[in-house]
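Student: Following this message is one structure expressed as structure tokens.
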Amino acid sequence: VYGFGSYSEKIKDVLGGDQSAVNLVSSIGQIGLYVGVFGGIFYDRFGGAATALIGGFLAAVGYALAYVATLDIGLPATTTTLCIFYFISWHGSGYMDTASVCTYCKNFPFHKGTIIGLNKSFFGLSGSIVAQVSIGLFSGSTPPSAGVPLLAFMAGLVAAITVLCPGRLPPWL
């Protein structure tokens with residue numbers, strides 16, 4: 001969701017250079033993300049794993065449909081279709097966010113603020129990772145390796161935290 005700016009130019013090109021259409025697609029996607037009540041109801045009924053699974057499925061389907069539409073091989077890439085696809089994909093992201101926040105609150109009842117803050121920080125940080133990958137791998141004006149050092153550092157940091165702190169908070173918290 002936070003990486004939308006790194007690929008919105010492609011959507012703008014597909015929609016004929018109409019920035020207001022890109023803004024509408026993003027706004028409808030945000031509505032899908034923030035209509036989280038359905039994810040919460042689903043979580044209460046089926047638990048975190050099922051909620052994350054449904055969220056991942058919705059996000060994957062929405063992004064795949066948006067991608068196919070931008071290829072112009074069958075699905076029309078209109079503002080309406082892209083709004084629908086981004087609503088679906090970002091609604092799936094809302095399910096995954098609900099699953100993670102609720103599960104963290106159950107697993108860390110005495111550190112809710114810290115763990116939710118970390119969760120939301122990494123949710124926002126994911127946009128910068130998507131941007132670095134996009135610049136490093138898909139930008140024609142920079143060498144392909146431009147984003148690799150930062151991406152490698154971030155992957156190493158996440159791996160180290162995962163290995164050093166499996167199933168518990170880092171020792172400094």
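Residues in the structure tokens are named by chain (A, B, ... in the order shown) and by number from 1 within that chain; ligands are numbered from 1 in the order shown.
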Residues at most 12 Å from region 31-35 of chain A, counting only C-alpha atoms, excluding those fewer than 2 positions away in the same chain, as a ChimeraX atom specification?
Tutor: /A:1-2,24-29,37-41,55,58-59,62,83-98
Student: At a cut-off of 10 Å, using only C-alpha atoms, what residues contact Val14 (chain A)? Leave out same-chain residues fewer than 3 positions from it and give the result as a list in words.
Tutor: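 Residues meeting the cut-off are Ser8, Glu9, Lys10, Ile11, Gly17, Asp18, Val22, Ala69, Thr70, Leu71, Asp72, Ala77, Thr78 and Thr79 of chain A.
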Student: Between CA of Arg45 (chain A) and CA of Ser121 (chain A), what is the distance, to one decimal in Å?
Tutor: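 We find that CA of Arg45 (chain A) and CA of Ser121 (chain A) lie 27.4 Å from each other.
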Student: Please compute the CA of Gln30 (chain A)-CA of Lys112 (chain A) distance, one decimal, in Å.
Tutor: 25.1 Å
Student: One decimal, Å: what's the distance from CA of Gly16 (chain A) over to CA of Phe57 (chain A), could you say?
Tutor: 29.6 Å
Student: From the options A:Ala131, A:Leu65, A:Ala99, A:Ala60, which residue's atoms come nearest to Ile116 (chain A), counting only C-alpha atoms?
Tutor: A:Ala99
Student: Which of these, A:Gly56, A:Gly127, A:Gly5, A:Gly113, has the shortest distance to Val101 (chain A) once you count only C-alpha atoms?
Tutor: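 Among the listed residues, the smallest separation from Val101 (chain A) belongs to A:Gly113.
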Student: Per DSSP on the backbone, what are the helix (DSSP H, G or I) residues of region 56-92 of chain A, as a PyMOL selection string?
Tutor: chain A and resi 56-71+79-92
